[in-house]
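Colleague: My structure is below; once you've seen it, I'll send some questions.
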Amino acid sequence: MVSLDGKQLEVRIPPGVNDGSRVRIAGKGGPGFAGGPPGDLYLVVSVRPHAIFHRKGDDLYEDIEIPLTAAILGGEVEVPTLKSKLC
């Protein structure tokens, strides 16, 4: 939600957007000159770091510890994802 002069505007931020990217909202900016149509609104995106995942380019990574016995002999390890956990 973005608040503009007491008005709220719901904006979709595309997945995978980078820090510092600009998102354009057509026709939601300030009023135009001499009664012209409103201009565009530009939002600058700030991406906060995640507690578990870190980004490298467009990819997400996570460091997980695997017990030595599971690595040698095989086994299941729970791996968190963005929506759930996988085994």
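Convention: chains lettered A, B, ... in structure tokens order; per-chain residue numbering from 1; ligands numbered from 1 as shown.
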I want to know what sits within 6 Å of region 14-22 of chain A, based on only C-alpha atoms, with residues of the same chain fewer than 3 positions away left out; could you give that as a list in words?

Modeller: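 My reading of the contact set: Leu43, Val44, Val45, Ser46 and Val47 of chain A.
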
Colleague: Calculate how many Å separate CA of Gly39 (chain A) from CA of Ala26 (chain A), rounding to one decimal.

Modeller: 7.1 Å

Colleague: Write out as a PyMOL selection string the set of residues from chain A that DSSP, computed on the backbone, places in helix (DSSP H, G or I).

Modeller: chain A and resi 33-35+68-73

Colleague: Within 9 Å of region 76-82 of chain A, counting only C-alpha atoms, which residues qualify if same-chain residues fewer than 5 places away don't, as a ChimeraX atom specification?

Modeller: /A:52-53,62,64-67,70,87

Colleague: Include all heavy atoms and write out the residues we just selected as a PDB file, in the first residue's frame.

Modeller:
```pdb
ATOM      1  N   ILE A  52      16.751 -15.910   6.189  1.00  0.00           N
ATOM      2  CA  ILE A  52      17.262 -17.224   5.800  1.00  0.00           C
ATOM      3  C   ILE A  52      17.927 -17.200   4.424  1.00  0.00           C
ATOM      4  O   ILE A  52      19.021 -17.713   4.251  1.00  0.00           O
ATOM      5  CB  ILE A  52      16.113 -18.265   5.788  1.00  0.00           C
ATOM      6  CG1 ILE A  52      15.526 -18.413   7.187  1.00  0.00           C
ATOM      7  CG2 ILE A  52      16.604 -19.601   5.268  1.00  0.00           C
ATOM      8  CD1 ILE A  52      14.299 -19.299   7.241  1.00  0.00           C
ATOM      9  N   PHE A  53      17.271 -16.607   3.447  1.00  0.00           N
ATOM     10  CA  PHE A  53      17.742 -16.653   2.068  1.00  0.00           C
ATOM     11  C   PHE A  53      18.606 -15.443   1.735  1.00  0.00           C
ATOM     12  O   PHE A  53      18.418 -14.365   2.281  1.00  0.00           O
ATOM     13  CB  PHE A  53      16.546 -16.681   1.105  1.00  0.00           C
ATOM     14  CG  PHE A  53      15.655 -17.868   1.310  1.00  0.00           C
ATOM     15  CD1 PHE A  53      14.449 -17.731   1.967  1.00  0.00           C
ATOM     16  CD2 PHE A  53      16.022 -19.114   0.852  1.00  0.00           C
ATOM     17  CE1 PHE A  53      13.616 -18.811   2.162  1.00  0.00           C
ATOM     18  CE2 PHE A  53      15.204 -20.214   1.038  1.00  0.00           C
ATOM     19  CZ  PHE A  53      13.998 -20.065   1.698  1.00  0.00           C
ATOM     20  N   GLU A  62      20.402 -20.611   0.167  1.00  0.00           N
ATOM     21  CA  GLU A  62      20.321 -20.800   1.608  1.00  0.00           C
ATOM     22  C   GLU A  62      21.417 -21.779   2.002  1.00  0.00           C
ATOM     23  O   GLU A  62      21.653 -22.776   1.320  1.00  0.00           O
ATOM     24  CB  GLU A  62      18.963 -21.371   1.999  1.00  0.00           C
ATOM     25  CG  GLU A  62      18.869 -21.674   3.462  1.00  0.00           C
ATOM     26  CD  GLU A  62      17.643 -22.459   3.827  1.00  0.00           C
ATOM     27  OE1 GLU A  62      16.906 -22.872   2.930  1.00  0.00           O
ATOM     28  OE2 GLU A  62      17.444 -22.662   5.022  1.00  0.00           O
ATOM     29  N   ILE A  64      22.518 -24.588   4.473  1.00  0.00           N
ATOM     30  CA  ILE A  64      21.953 -25.503   5.462  1.00  0.00           C
ATOM     31  C   ILE A  64      23.039 -26.474   5.891  1.00  0.00           C
ATOM     32  O   ILE A  64      23.948 -26.801   5.124  1.00  0.00           O
ATOM     33  CB  ILE A  64      20.721 -26.269   4.934  1.00  0.00           C
ATOM     34  CG1 ILE A  64      21.058 -27.069   3.685  1.00  0.00           C
ATOM     35  CG2 ILE A  64      19.578 -25.347   4.668  1.00  0.00           C
ATOM     36  CD1 ILE A  64      19.957 -27.995   3.257  1.00  0.00           C
ATOM     37  N   GLU A  65      22.948 -26.907   7.131  1.00  0.00           N
ATOM     38  CA  GLU A  65      23.901 -27.882   7.641  1.00  0.00           C
ATOM     39  C   GLU A  65      23.316 -29.281   7.467  1.00  0.00           C
ATOM     40  O   GLU A  65      22.145 -29.515   7.762  1.00  0.00           O
ATOM     41  CB  GLU A  65      24.187 -27.610   9.110  1.00  0.00           C
ATOM     42  CG  GLU A  65      24.954 -26.325   9.317  1.00  0.00           C
ATOM     43  CD  GLU A  65      25.394 -26.131  10.761  1.00  0.00           C
ATOM     44  OE1 GLU A  65      25.447 -27.136  11.511  1.00  0.00           O
ATOM     45  OE2 GLU A  65      25.687 -24.998  11.115  1.00  0.00           O
ATOM     46  N   ILE A  66      24.154 -30.180   6.979  1.00  0.00           N
ATOM     47  CA  ILE A  66      23.762 -31.570   6.795  1.00  0.00           C
ATOM     48  C   ILE A  66      24.666 -32.411   7.687  1.00  0.00           C
ATOM     49  O   ILE A  66      25.892 -32.286   7.618  1.00  0.00           O
ATOM     50  CB  ILE A  66      23.919 -31.998   5.325  1.00  0.00           C
ATOM     51  CG1 ILE A  66      23.041 -31.128   4.424  1.00  0.00           C
ATOM     52  CG2 ILE A  66      23.606 -33.470   5.145  1.00  0.00           C
ATOM     53  CD1 ILE A  66      23.247 -31.368   2.958  1.00  0.00           C
ATOM     54  N   PRO A  67      24.068 -33.273   8.504  1.00  0.00           N
ATOM     55  CA  PRO A  67      24.910 -34.135   9.333  1.00  0.00           C
ATOM     56  C   PRO A  67      25.830 -35.002   8.459  1.00  0.00           C
ATOM     57  O   PRO A  67      25.437 -35.437   7.369  1.00  0.00           O
ATOM     58  CB  PRO A  67      23.904 -35.015  10.086  1.00  0.00           C
ATOM     59  CG  PRO A  67      22.608 -34.284  10.004  1.00  0.00           C
ATOM     60  CD  PRO A  67      22.653 -33.489   8.741  1.00  0.00           C
ATOM     61  N   ALA A  70      24.414 -38.314   7.288  1.00  0.00           N
ATOM     62  CA  ALA A  70      23.426 -38.189   6.216  1.00  0.00           C
ATOM     63  C   ALA A  70      24.110 -37.924   4.882  1.00  0.00           C
ATOM     64  O   ALA A  70      23.665 -38.409   3.838  1.00  0.00           O
ATOM     65  CB  ALA A  70      22.430 -37.084   6.529  1.00  0.00           C
ATOM     66  N   CYS A  87      11.375 -32.183   2.282  1.00  0.00           N
ATOM     67  CA  CYS A  87      12.272 -33.216   2.819  1.00  0.00           C
ATOM     68  C   CYS A  87      12.914 -33.949   1.673  1.00  0.00           C
ATOM     69  O   CYS A  87      12.416 -34.111   0.633  1.00  0.00           O
ATOM     70  CB  CYS A  87      11.506 -34.206   3.690  1.00  0.00           C
ATOM     71  SG  CYS A  87      11.080 -33.527   5.290  1.00  0.00           S
TER      72      CYS A  87
END
```

Colleague: If you count only C-alpha atoms, which residues fall within 8 Å of Asp40 (chain A), apart from same-chain ones fewer than 3 positions away, as a ChimeraX atom specification?

Modeller: /A:24-30

Colleague: Please produce an output containing N, CA and C atoms for each residue in the selection, written as a short mmCIF file (atom, residue, chain, number, x, y, z; two decimals), in the first residue's frame.

Modeller:
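Output below, filename result_10.cif:
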```
data_model
loop_
_atom_site.label_atom_id
_atom_site.label_comp_id
_atom_site.auth_asym_id
_atom_site.auth_seq_id
_atom_site.Cartn_x
_atom_site.Cartn_y
_atom_site.Cartn_z
N ARG A 24 6.90 2.04 -12.29
CA ARG A 24 6.08 3.16 -12.79
C ARG A 24 4.61 2.84 -12.65
N ILE A 25 3.86 3.79 -12.08
CA ILE A 25 2.41 3.69 -11.98
C ILE A 25 1.86 4.81 -12.87
N ALA A 26 1.35 4.44 -14.04
CA ALA A 26 0.91 5.41 -15.03
C ALA A 26 -0.30 6.21 -14.53
N GLY A 27 -0.22 7.53 -14.70
CA GLY A 27 -1.35 8.41 -14.41
C GLY A 27 -1.65 8.65 -12.94
N LYS A 28 -0.78 8.23 -12.03
CA LYS A 28 -1.04 8.41 -10.60
C LYS A 28 -0.10 9.43 -9.96
N GLY A 29 0.63 10.19 -10.77
CA GLY A 29 1.53 11.21 -10.24
C GLY A 29 0.82 12.53 -10.02
N GLY A 30 1.60 13.59 -9.94
CA GLY A 30 1.06 14.93 -9.72
C GLY A 30 0.26 15.43 -10.91
#
```

Colleague: Where does DSSP see strand (DSSP E or B) in chain A, if you list the residues as an MDAnalysis selection string?

Modeller: chainID A and resid 2:4 7:9 22:25 41:44 54:56 59:61 79:80 85:86
